[in-house]
Amino acid sequence: MRSVVLRTVNIVKVGLRSIARNKMRSFLTMLGLVFGVGCVIAVNGIGNGASVSIQSNINSLGANYIMIFPGAVTSGGARIFSAQSSLTEDDANALKTECPSVAYVSAGARSAGTVVAGENNWSTEIFGADVDWPFIRSWNVKNGTFFTDAEVKASAKVAVLGNTVKDNLFPDSDPIGAVVRVKNVPFKVVGVLEKKGGSTMGNDQDDQIVIPYTTVMKRLSGNSRLNVVQVSAVSPDAIQNAMSEIRALLRQRHRLTAGQDDDFTMRSQEEIAAAAGQTTKTLSMLLIIVAVVSLIVGGIGIMNIMLVSVTERTREIGIRMAIGAKSRHVLLQFLLEAVTLSVLGGGLGIALGMGASRGVATFLGWVVIVDPTWILLAFGISAAIGVLFGFFPAWKASSLDPIEALRYE
């Protein structure tokens with residue numbers, strides 16, 4: 001056993017000396033493996049980080065969250081949103097009273113414009129909501145209060161600022177009680193929301209002001225229809241029941257017959273998470289396929305350089321066989337040299353992948369989580385490539401006729 005280990009170590013030393021004699025050629029040979037393994041590690045780290053970040057953003061939408069949009073048409077087999085306005089205040093009120101699996105309902109109306117406060121101004125989204133909105137979105141008021149049901153019914157001119165809007169309009173002062181103007185309509189600031197961060201689409205959720213939806217409809221947009229209805233189910237297990245109840249009620253209210261498409265579209269938190277996860281998985285698989293192609297190219301490079309090495313060292317092989325080396329010894333020597341080359345490339349690739357992951361995390365601020373299992377897998381794959389692509393050159397070397405090999409010039 002000991003002699004086998006010593007023989008193996010000696011063969012590896014011979015391989016390392018061969019690699020050292022042709023440093024540049026060896027480095028260029030390993031480049032395919034270096035980039036392939038590095039790409040696998042970096043993609044794994046960035047993909048895992050993206051999944052965690054997306055899940056965190058989806059959770060920030062709220063607990064047991066369901067969105068209902070007006071209009072839905074089928075075009076070419078794909079369901080797309082339309083400008084059709086099919087949701088009303090009465091629909092939202094009916095959801096509150098007639099769907100037992102629904103806990104909270106908030107009618108929503110959107111507008112956009114520039115908000116002016118003194119000498120400062122900021123272009124942002126003006127979102128109209130109902131009083132249940134903070135409970136649906138799990139979004140608390142940091143300073144002040146949220147508007148009341150009476151203010152919603154009265155279409156009051158009150159506003160709650162997102163954190164980004166507050167920072168741009170009132171960088172050094174408390175905005176509670178101050179007046180901001182939206183499309184020349186004065187609003188009294190009654191609260192500031194807690195900081196929420198980015199959405200699943202990368203938008204800044206804090207870049208908005210929230211006012212009663214009735215105020216948006218009557219004083220800003222002039223639209224009597226809702227842009228969205230946001231709903232929270234009573235529990236995670238009740239989400240599907242809630243969606244069934246909502247669909248049945250809205251179809252009844254909109255007098256849709258059997259076989260007729262819905263004139264609204266629902267999206268639950270679970271569906272958003274599944275769609276985002278599938279997108280991330282597809283992109284990761286695409287990049288991993290590119291990495292696998294790079295690994296195969298790297299393996300072909302190793303096979304090519306080993307064939308050159310066998311040709312260059314034909315006389316050396318003949319001498320070894322003449323003094324007693326058997327074919328299996330020559331086979332093992334060249335096979336181990338190929339594996340040594342590929343393992344070195346794999347090690348450099350792991351270092352490159354870890355460095356790239358840290359660079360992305362540091363300079364771009366992305367969450368990166370490298371799974372140690374993938375590091376071991378990448379290392380194993382690089383060793384396997386050495387065996388796979390190094391076997392043919394090793395077999396060719398071991399099959400040489402000693403006499404013909406000694407005559408080779």
# chains A, B, ... in the order shown; residues from 1 in each chain; ligands from 1
>>> select_by_dssp(residues="range 160-369 of chain A", states="strand (DSSP E)", output="PyMOL selection string")
chain A and resi 160-161+179-182+185-193+208-212+228-233+264-268
>>> residues_around(residues="Asn59 in chain A", least_positions_apart="5", cutoff="9 Å", atoms="only C-alpha atoms", output="JSON, numbers by chain")
{"A": [54, 65, 269, 273]}
>>> write_last_selection(atoms="all heavy atoms", output="compact mmCIF listing (two decimals), in the first residue's frame")
# COMPACT_ATOMS: atom_id res chain seq x y z
N ILE A 54 -35.51 37.98 -3.32
CA ILE A 54 -36.85 38.03 -3.91
C ILE A 54 -37.90 37.57 -2.91
O ILE A 54 -38.97 38.17 -2.77
CB ILE A 54 -36.90 37.19 -5.20
CG1 ILE A 54 -36.11 37.88 -6.31
CG2 ILE A 54 -38.34 36.95 -5.64
CD1 ILE A 54 -35.93 37.04 -7.54
N TYR A 65 -51.34 37.90 1.04
CA TYR A 65 -51.66 39.02 0.15
C TYR A 65 -52.26 38.55 -1.18
O TYR A 65 -51.77 37.59 -1.80
CB TYR A 65 -50.37 39.79 -0.10
CG TYR A 65 -50.47 41.04 -0.90
CD1 TYR A 65 -51.21 42.12 -0.43
CD2 TYR A 65 -49.79 41.18 -2.10
CE1 TYR A 65 -51.27 43.30 -1.16
CE2 TYR A 65 -49.84 42.35 -2.82
CZ TYR A 65 -50.58 43.40 -2.36
OH TYR A 65 -50.64 44.56 -3.07
N GLN A 269 -49.84 36.06 -3.33
CA GLN A 269 -48.44 36.13 -2.94
C GLN A 269 -47.69 34.87 -3.39
O GLN A 269 -46.55 34.93 -3.85
CB GLN A 269 -48.37 36.26 -1.42
CG GLN A 269 -47.10 36.81 -0.86
CD GLN A 269 -47.25 37.06 0.62
OE1 GLN A 269 -48.11 36.49 1.29
NE2 GLN A 269 -46.42 37.91 1.16
N ALA A 273 -44.49 34.59 -5.88
CA ALA A 273 -43.25 33.94 -5.44
C ALA A 273 -42.86 32.83 -6.40
O ALA A 273 -41.68 32.67 -6.76
CB ALA A 273 -43.43 33.38 -4.03
>>> atom_distance(atom1="CA of Val290 in chain A", atom2="CA of Cys39 in chain A")
8.5 Å
>>> residues_around(residues="Ser26 in chain A", least_positions_apart="6", cutoff="8 Å", atoms="only C-alpha atoms", output="PDB file with C-alpha atoms, in the first residue's frame")
ATOM      1  CA  ILE A  19       3.345  21.627 -15.977  1.00  0.00           C
ATOM      2  CA  ALA A  20       6.058  23.890 -14.506  1.00  0.00           C
ATOM      3  CA  LEU A 341      -3.848  19.899 -14.577  1.00  0.00           C
TER       4      LEU A 341
END
>>> residues_around(residues="range 231-247 of chain A", least_positions_apart="6", cutoff="12 Å", atoms="only C-alpha atoms", output="ChimeraX atom specification")
/A:61-69,91-108,129-130,132-138,253-256,261-271
>>> write_last_selection(atoms="C-alpha atoms", output="short mmCIF file (atom, residue, chain, number, x, y, z; two decimals), in the first residue's frame")
data_model
loop_
_atom_site.label_atom_id
_atom_site.label_comp_id
_atom_site.auth_asym_id
_atom_site.auth_seq_id
_atom_site.Cartn_x
_atom_site.Cartn_y
_atom_site.Cartn_z
CA LEU A 61 -45.91 42.78 0.23
CA GLY A 62 -47.92 41.71 3.23
CA ALA A 63 -49.37 38.66 4.93
CA ASN A 64 -51.66 36.38 2.86
CA TYR A 65 -51.66 39.02 0.15
CA ILE A 66 -53.94 38.95 -2.93
CA MET A 67 -54.12 41.60 -5.67
CA ILE A 68 -57.12 42.04 -7.98
CA PHE A 69 -56.64 44.04 -11.16
CA ASP A 91 -67.14 45.45 -5.59
CA ALA A 92 -64.61 46.22 -2.86
CA ASN A 93 -67.36 46.75 -0.28
CA ALA A 94 -69.00 43.45 -1.29
CA LEU A 95 -65.71 41.60 -0.79
CA LYS A 96 -65.57 42.93 2.78
CA THR A 97 -69.01 41.61 3.73
CA GLU A 98 -69.58 38.52 1.56
CA CYS A 99 -66.25 36.64 1.54
CA PRO A 100 -65.68 34.86 4.88
CA SER A 101 -62.06 33.93 4.01
CA VAL A 102 -61.14 37.59 3.47
CA ALA A 103 -59.80 39.54 6.46
CA TYR A 104 -59.05 42.99 4.99
CA VAL A 105 -59.93 44.79 1.75
CA SER A 106 -58.52 48.04 0.41
CA ALA A 107 -59.77 49.72 -2.73
CA GLY A 108 -56.91 51.32 -4.68
CA ALA A 129 -55.96 53.44 -0.40
CA ASP A 130 -58.56 52.53 2.19
CA ASP A 132 -57.28 48.52 5.83
CA TRP A 133 -54.24 49.13 3.63
CA PRO A 134 -51.59 49.19 6.44
CA PHE A 135 -52.89 45.83 7.75
CA ILE A 136 -52.85 44.23 4.29
CA ARG A 137 -49.33 45.46 3.50
CA SER A 138 -48.01 44.91 7.05
CA ARG A 253 -71.64 40.85 -9.64
CA HIS A 254 -70.32 41.39 -13.19
CA ARG A 255 -72.97 39.02 -14.61
CA LEU A 256 -70.43 36.80 -16.36
CA ASP A 261 -63.57 34.85 -19.29
CA ASP A 262 -63.09 36.79 -16.07
CA ASP A 263 -63.00 40.55 -16.58
CA PHE A 264 -60.50 40.85 -13.74
CA THR A 265 -57.17 39.22 -12.82
CA MET A 266 -56.04 37.94 -9.45
CA ARG A 267 -52.49 37.33 -8.24
CA SER A 268 -51.68 35.82 -4.86
CA GLN A 269 -48.44 36.13 -2.94
CA GLU A 270 -47.75 32.43 -3.65
CA GLU A 271 -48.18 32.90 -7.40
#
>>> closest_residue(among="A:Ser155, A:Thr29, A:Asn10, A:Gln260", to="Met306 in chain A", atoms="only C-alpha atoms")
A:Thr29
>>> select_by_dssp(residues="range 208-390 of chain A", states="helix (DSSP H, G or I)", output="ChimeraX atom specification")
/A:213-221,236-253,269-312,314-322,327-364,372-390
>>> write_last_selection(atoms="C-alpha atoms", output="CSV table (one decimal), in the first residue's frame")
chain,number,residue,atom,x,y,z
A,213,TYR,CA,-58.7,56.5,-2.6
A,214,THR,CA,-61.9,58.6,-2.8
A,215,THR,CA,-59.7,61.7,-2.9
A,216,VAL,CA,-57.7,60.4,-5.8
A,217,MET,CA,-60.8,59.5,-7.7
A,218,LYS,CA,-62.7,62.8,-7.0
A,219,ARG,CA,-60.0,65.4,-6.8
A,220,LEU,CA,-57.0,64.1,-8.8
A,221,SER,CA,-57.8,61.6,-11.5
A,236,PRO,CA,-52.1,31.4,4.7
A,237,ASP,CA,-54.3,28.2,4.4
A,238,ALA,CA,-57.3,30.3,3.5
A,239,ILE,CA,-55.7,32.0,0.4
A,240,GLN,CA,-57.1,29.6,-2.1
A,241,ASN,CA,-60.5,29.7,-0.5
A,242,ALA,CA,-60.4,33.4,-0.5
A,243,MET,CA,-59.5,33.5,-4.2
A,244,SER,CA,-62.4,31.1,-5.0
A,245,GLU,CA,-64.8,33.2,-3.1
A,246,ILE,CA,-63.6,36.5,-4.7
A,247,ARG,CA,-63.8,35.0,-8.2
A,248,ALA,CA,-67.3,33.6,-7.6
A,249,LEU,CA,-68.6,36.9,-6.1
A,250,LEU,CA,-67.0,39.2,-8.8
A,251,ARG,CA,-68.3,36.9,-11.6
A,252,GLN,CA,-71.8,37.1,-10.1
A,253,ARG,CA,-71.6,40.9,-9.6
A,269,GLN,CA,-48.4,36.1,-2.9
A,270,GLU,CA,-47.7,32.4,-3.6
A,271,GLU,CA,-48.2,32.9,-7.4
A,272,ILE,CA,-45.9,35.9,-7.4
A,273,ALA,CA,-43.2,33.9,-5.4
A,274,ALA,CA,-43.6,30.9,-7.8
A,275,ALA,CA,-43.2,33.1,-10.9
A,276,ALA,CA,-40.2,35.0,-9.5
A,277,GLY,CA,-38.6,31.7,-8.4
A,278,GLN,CA,-39.1,30.1,-11.8
A,279,THR,CA,-37.6,33.2,-13.5
A,280,THR,CA,-34.5,33.0,-11.3
A,281,LYS,CA,-34.2,29.2,-11.8
A,282,THR,CA,-34.4,29.6,-15.6
A,283,LEU,CA,-31.7,32.3,-15.7
A,284,SER,CA,-29.5,30.2,-13.4
A,285,MET,CA,-29.9,27.1,-15.6
A,286,LEU,CA,-29.1,29.2,-18.7
A,287,LEU,CA,-25.9,30.4,-17.1
A,288,ILE,CA,-25.0,27.0,-15.8
A,289,ILE,CA,-25.4,25.6,-19.3
A,290,VAL,CA,-22.9,28.2,-20.5
A,291,ALA,CA,-20.6,27.2,-17.7
A,292,VAL,CA,-20.9,23.5,-18.7
A,293,VAL,CA,-20.0,24.3,-22.3
A,294,SER,CA,-17.0,26.2,-21.0
A,295,LEU,CA,-16.0,23.1,-18.9
A,296,ILE,CA,-16.3,20.9,-22.0
A,297,VAL,CA,-14.1,23.3,-24.0
A,298,GLY,CA,-11.6,23.3,-21.1
A,299,GLY,CA,-11.6,19.5,-21.1
A,300,ILE,CA,-10.9,19.4,-24.8
A,301,GLY,CA,-8.1,21.8,-24.3
A,302,ILE,CA,-6.6,19.4,-21.7
A,303,MET,CA,-6.9,16.5,-24.0
A,304,ASN,CA,-5.3,18.4,-26.8
A,305,ILE,CA,-2.3,19.5,-24.7
A,306,MET,CA,-1.9,16.0,-23.3
A,307,LEU,CA,-1.7,14.5,-26.8
A,308,VAL,CA,1.0,17.1,-27.6
A,309,SER,CA,2.8,16.0,-24.5
A,310,VAL,CA,2.6,12.4,-25.4
A,311,THR,CA,4.1,13.2,-28.8
A,312,GLU,CA,6.9,15.3,-27.3
A,314,THR,CA,7.5,9.5,-26.9
A,315,ARG,CA,11.3,8.7,-26.5
A,316,GLU,CA,11.0,9.2,-22.7
A,317,ILE,CA,8.0,6.7,-22.7
A,318,GLY,CA,10.1,4.2,-24.7
A,319,ILE,CA,13.0,4.5,-22.2
A,320,ARG,CA,10.6,3.9,-19.2
A,321,MET,CA,9.2,0.9,-20.8
A,322,ALA,CA,12.7,-0.4,-21.7
A,327,SER,CA,1.7,-0.1,-19.9
A,328,ARG,CA,-0.5,0.5,-16.8
A,329,HIS,CA,2.3,2.5,-15.2
A,330,VAL,CA,2.5,4.8,-18.3
A,331,LEU,CA,-1.3,5.0,-18.4
A,332,LEU,CA,-1.5,6.0,-14.7
A,333,GLN,CA,1.3,8.6,-15.2
A,334,PHE,CA,-0.4,10.5,-18.0
A,335,LEU,CA,-3.8,10.1,-16.5
A,336,LEU,CA,-2.6,11.6,-13.2
A,337,GLU,CA,-0.9,14.5,-15.1
A,338,ALA,CA,-4.2,15.3,-16.8
A,339,VAL,CA,-6.1,15.1,-13.5
A,340,THR,CA,-3.4,17.3,-11.8
A,341,LEU,CA,-3.8,19.9,-14.6
A,342,SER,CA,-7.7,19.9,-14.3
A,343,VAL,CA,-7.7,20.0,-10.5
A,344,LEU,CA,-5.3,23.0,-10.5
A,345,GLY,CA,-7.7,24.7,-13.0
A,346,GLY,CA,-10.6,23.8,-10.8
A,347,GLY,CA,-8.9,25.2,-7.7
A,348,LEU,CA,-8.2,28.5,-9.5
A,349,GLY,CA,-11.8,28.5,-10.8
A,350,ILE,CA,-13.1,28.1,-7.3
A,351,ALA,CA,-11.0,31.1,-6.2
A,352,LEU,CA,-12.2,33.1,-9.2
A,353,GLY,CA,-15.8,32.3,-8.4
A,354,MET,CA,-15.5,33.2,-4.7
A,355,GLY,CA,-13.7,36.4,-5.6
A,356,ALA,CA,-16.4,37.3,-8.2
A,357,SER,CA,-19.1,36.6,-5.7
A,358,ARG,CA,-17.5,38.8,-3.0
A,359,GLY,CA,-17.0,41.5,-5.6
A,360,VAL,CA,-20.6,41.5,-6.6
A,361,ALA,CA,-21.7,41.6,-3.0
A,362,THR,CA,-19.3,44.4,-2.2
A,363,PHE,CA,-19.6,46.7,-5.2
A,364,LEU,CA,-23.2,46.0,-6.4
A,372,PRO,CA,-20.4,24.7,0.0
A,373,THR,CA,-21.9,21.7,-1.7
A,374,TRP,CA,-21.5,23.4,-5.1
A,375,ILE,CA,-17.8,24.1,-4.3
A,376,LEU,CA,-17.2,20.4,-3.7
A,377,LEU,CA,-19.3,19.5,-6.8
A,378,ALA,CA,-17.3,22.0,-9.0
A,379,PHE,CA,-14.0,20.5,-7.6
A,380,GLY,CA,-15.3,17.0,-8.3
A,381,ILE,CA,-16.4,17.9,-11.8
A,382,SER,CA,-13.0,19.4,-12.6
A,383,ALA,CA,-11.3,16.2,-11.4
A,384,ALA,CA,-13.7,14.1,-13.5
A,385,ILE,CA,-13.0,16.1,-16.6
A,386,GLY,CA,-9.3,15.3,-16.1
A,387,VAL,CA,-10.1,11.6,-16.0
A,388,LEU,CA,-12.6,11.8,-18.9
A,389,PHE,CA,-10.5,13.9,-21.3
A,390,GLY,CA,-7.1,12.6,-20.1
>>> residues_around(residues="Leu193 in chain A", least_positions_apart="6", cutoff="8 Å", atoms="only C-alpha atoms", output="PyMOL selection string")
chain A and resi 139-143+160-163+206
>>> closest_residue(among="A:Val115, A:Thr164, A:Leu226, A:Val14", to="Asn203 in chain A", atoms="only C-alpha atoms")
A:Thr164
